[in-house]
Amino acid sequence: MSGFLSSLPYLVSAWIFFAGLFGIVRSRNLLHMAVCVVIMQSSTYILLLSIGFRSGATAPIFYGISPTTLAVDPVVQALVLTDVVVETVVLALLLAIAVQIHDCTGELDPNRIAKIKG
Amino acid sequence: MLVTILIVVMLLVTAVVATLVVATTEPFQQIMGLSLYGFCLTLFFFLLRAPDVVLAQLGVGTVALPLIVLLAMSKLRRRGGPEKEEKGAQP
Amino acid sequence: MRIRTAAYIFFGLFVAGAYAWAVLFLPAFGNYHAAYGEMLNRITLYERHATNVVTTAVFDYRGFDTLNEEFMLFIAVVGVLVLFRAGPADQRKHSGPEQQSDAVRTFVLGLVSLLALFSLYIILTGQLTPGGGFQGGVMLATAFALIYLSGSLEAFLRVTPKKGLEVAEAIGVGGLVLYGIAVVAMGYPFFQNVIPLGTTGHLLSAGSLPLLNVFTGIAVAMGMVLLMHAYLREVLEGGEGDE
């Protein structure tokens, strides 16, 4: 593969990271901000899995195939796997905090919350 | 070679969908976009030969994440949102 | 607002530069050669009698990491429960989702049983084929969500009593910790695979993997159902009260 294609996944990962961060910075709504956090976090999945990929290799599951088959890296997959699931629960915690902020201040806009606090 | 082309296409689609989800400010549309984004990621992980991550992402990205955001949204509505939210809901 | 955007551009450029510099040292896409992953791919089948290297890495070779992730999940669930306990009750009574027609409800309930069965299969065969506690747990939680979406909030609340959920969640997370401690008490390293390995390809092979998969499946599924429960709790005007 050419030089550009071989670094495309890393570029896309960076693009998604900065898009999510931009969304967080410019967000006017805490729900929107939480979704942007999820998007930003997912860039790490793309980065990790892209690093571990080997062209022409099979999945790291040796059920019914020769144990010497070339397989992609299992360690990055293990890292991503646990994080994908835990991410949901962390999002729920973020949203619970947003609901709580809304209860206390009646606002969901981070800028106006800052004004209320003085 | 086909796999390489599919990976490149899927990467570009994922980047575009992520940008659109961030740019959307209407909450309900954003949740639907988030679900679509989760599905794009699922296809991408499938192409990268990560079946375990695909199974997790399929449940989390397309169902669990949007459902949690939806539940939070309805909870905000029920607790009496700001005026502009009230207008949208029926009396 | 303008200050924040300016700060974003300034620090963003800094981070982007550092990232670009780091990418220069990464292997080109598709040319990864790491000793650790390669070693796991080669030895898992012989050392642990498991065919799914990812699950083995999650629950055996890197079991301690997984315990930390599990604690993160547990703490986040507890955080949500605590936050919603302190809040005031909902101002408006929630009517639940629209009552669906009988055909839809019958169909969805059939789907629920299928989904629950399939998620158990995914949890139990985690060491052989793609799957395991995390994936199966998420699917099991989706099955519970389907009950709610089929239009009967009462049925969802009846199937998932809060006390039972809390006990199950405690069993799931506590089981993992207890296994680790029991192994230490027997004189092995934390999370060592001490259960007999069995025959490769059998349901109860690979030693501790099926046990830990089941504990993780319970913890993940019950954690997510507890979350849904917390978001829906004050829905039924007063609900079960605050005790």
# chains A, B, ... in the order shown; residues from 1 in each chain; ligands from 1

call {"tool": "interface_residues", "arguments": {"of": "chain B", "to": "chain C", "cutoff": "7 Å", "atoms": "only C-alpha atoms", "output": "PyMOL selection string"}}
result
chain B and resi 51-52+55-56+59-60+71-72+75+78-80

call {"tool": "interface_residues", "arguments": {"of": "chain C", "to": "chain A", "cutoff": "6 Å", "atoms": "only C-alpha atoms", "output": "PyMOL selection string"}}
result
chain C and resi 28-32+37+51-54+58+73+76+80

call {"tool": "closest_atom_pairs", "arguments": {"of": "chain B", "to": "chain A", "cutoff": "6 Å", "atoms": "only C-alpha atoms", "output": "CSV"}}
result
residue,atom,partner,partner_atom,distance
B:Val22,CA,A:Gly23,CA,5.6
B:Arg49,CA,A:Ala59,CA,4.9
B:Val53,CA,A:Leu81,CA,5.1
B:Leu65,CA,A:Thr88,CA,5.8

call {"tool": "write_last_selection", "arguments": {"atoms": "C-alpha atoms", "output": "compact mmCIF listing (two decimals), in the first residue's frame"}}
result
# COMPACT_ATOMS: atom_id res chain seq x y z
CA VAL B 22 -21.17 16.12 16.20
CA ARG B 49 -11.10 -9.24 11.91
CA VAL B 53 -15.38 -6.51 19.50
CA LEU B 65 -25.95 3.86 23.99

call {"tool": "select_by_dssp", "arguments": {"residues": "chain A", "states": "helix (DSSP H, G or I)", "output": "compact mmCIF listing (two decimals) with C-alpha atoms, in the first residue's frame"}}
result
# COMPACT_ATOMS: atom_id res chain seq x y z
CA GLY A 3 2.26 5.85 2.11
CA PHE A 4 -1.01 7.74 2.29
CA LEU A 5 -3.19 4.64 2.52
CA SER A 6 -0.99 3.05 5.16
CA LEU A 8 -5.23 6.67 6.62
CA PRO A 9 -6.69 4.90 9.69
CA TYR A 10 -4.48 6.99 11.97
CA LEU A 11 -5.61 10.15 10.19
CA VAL A 12 -9.28 9.18 10.49
CA SER A 13 -8.79 8.40 14.17
CA ALA A 14 -7.27 11.85 14.75
CA TRP A 15 -10.07 13.48 12.73
CA ILE A 16 -12.78 11.83 14.83
CA PHE A 17 -10.93 12.75 18.04
CA PHE A 18 -10.72 16.42 17.10
CA ALA A 19 -14.29 16.48 15.75
CA GLY A 20 -15.53 15.14 19.09
CA LEU A 21 -13.38 17.59 21.03
CA PHE A 22 -14.66 20.46 18.88
CA GLY A 23 -18.20 19.36 19.65
CA ILE A 24 -17.44 19.39 23.37
CA VAL A 25 -15.90 22.86 23.20
CA ARG A 26 -18.75 24.41 21.21
CA LEU A 30 -25.09 18.78 28.11
CA LEU A 31 -26.79 15.87 26.28
CA HIS A 32 -25.01 16.89 23.08
CA MET A 33 -21.76 17.15 25.01
CA ALA A 34 -22.09 13.62 26.41
CA VAL A 35 -22.64 12.22 22.90
CA CYS A 36 -19.54 14.09 21.73
CA VAL A 37 -17.55 12.46 24.54
CA VAL A 38 -18.66 9.07 23.22
CA ILE A 39 -17.57 9.98 19.67
CA MET A 40 -14.22 11.21 20.92
CA GLN A 41 -13.67 8.03 22.90
CA SER A 42 -14.48 5.84 19.92
CA SER A 43 -11.50 7.29 18.04
CA THR A 44 -9.25 5.26 20.33
CA TYR A 45 -10.95 2.04 19.22
CA ILE A 46 -10.19 2.82 15.59
CA LEU A 47 -6.58 3.67 16.45
CA LEU A 48 -5.95 0.55 18.55
CA LEU A 49 -7.60 -1.93 16.19
CA SER A 50 -5.88 -0.37 13.18
CA ILE A 51 -2.49 -0.74 14.83
CA GLY A 52 -3.16 -4.42 15.55
CA PRO A 74 -5.43 -10.25 20.16
CA VAL A 75 -4.15 -7.89 22.86
CA VAL A 76 -5.54 -4.67 21.34
CA GLN A 77 -8.85 -6.42 20.76
CA ALA A 78 -8.98 -7.40 24.42
CA LEU A 79 -8.33 -3.78 25.41
CA VAL A 80 -11.04 -2.41 23.10
CA LEU A 81 -13.55 -5.10 24.05
CA THR A 82 -13.72 -4.22 27.73
CA ASP A 83 -13.71 -0.51 27.03
CA VAL A 84 -16.63 -0.68 24.59
CA VAL A 85 -18.85 -2.16 27.30
CA VAL A 86 -17.69 0.04 30.17
CA GLU A 87 -18.15 3.13 27.99
CA THR A 88 -21.94 2.67 28.08
CA VAL A 89 -22.06 2.75 31.85
CA VAL A 90 -19.77 5.77 32.02
CA LEU A 91 -22.08 7.58 29.57
CA ALA A 92 -25.00 6.74 31.86
CA LEU A 93 -23.09 8.32 34.76
CA LEU A 94 -22.39 11.48 32.71
CA LEU A 95 -26.06 11.76 31.76
CA ALA A 96 -27.13 11.23 35.38
CA ILE A 97 -24.91 14.16 36.35
CA ALA A 98 -26.47 16.21 33.53
CA VAL A 99 -29.97 15.40 34.83
CA GLN A 100 -28.87 16.39 38.31
CA ILE A 101 -27.43 19.71 37.06
CA HIS A 102 -30.71 20.34 35.28
CA ASP A 103 -32.58 19.70 38.53
CA CYS A 104 -30.45 22.15 40.48
CA THR A 105 -30.18 24.99 37.97
CA PRO A 110 -22.98 24.95 30.10
CA ASN A 111 -22.47 28.67 29.45
CA ARG A 112 -25.56 29.75 31.34
CA ILE A 113 -24.80 27.34 34.19
CA ALA A 114 -21.46 29.12 34.59
CA LYS A 115 -23.27 32.46 34.78
CA ILE A 116 -25.63 31.25 37.48
CA LYS A 117 -22.69 30.17 39.59

call {"tool": "residues_around", "arguments": {"residues": "Glu169 in chain C", "least_positions_apart": "6", "cutoff": "7 Å", "atoms": "only C-alpha atoms", "output": "MDAnalysis selection string"}}
result
chainID C and resid 218:219 222:223
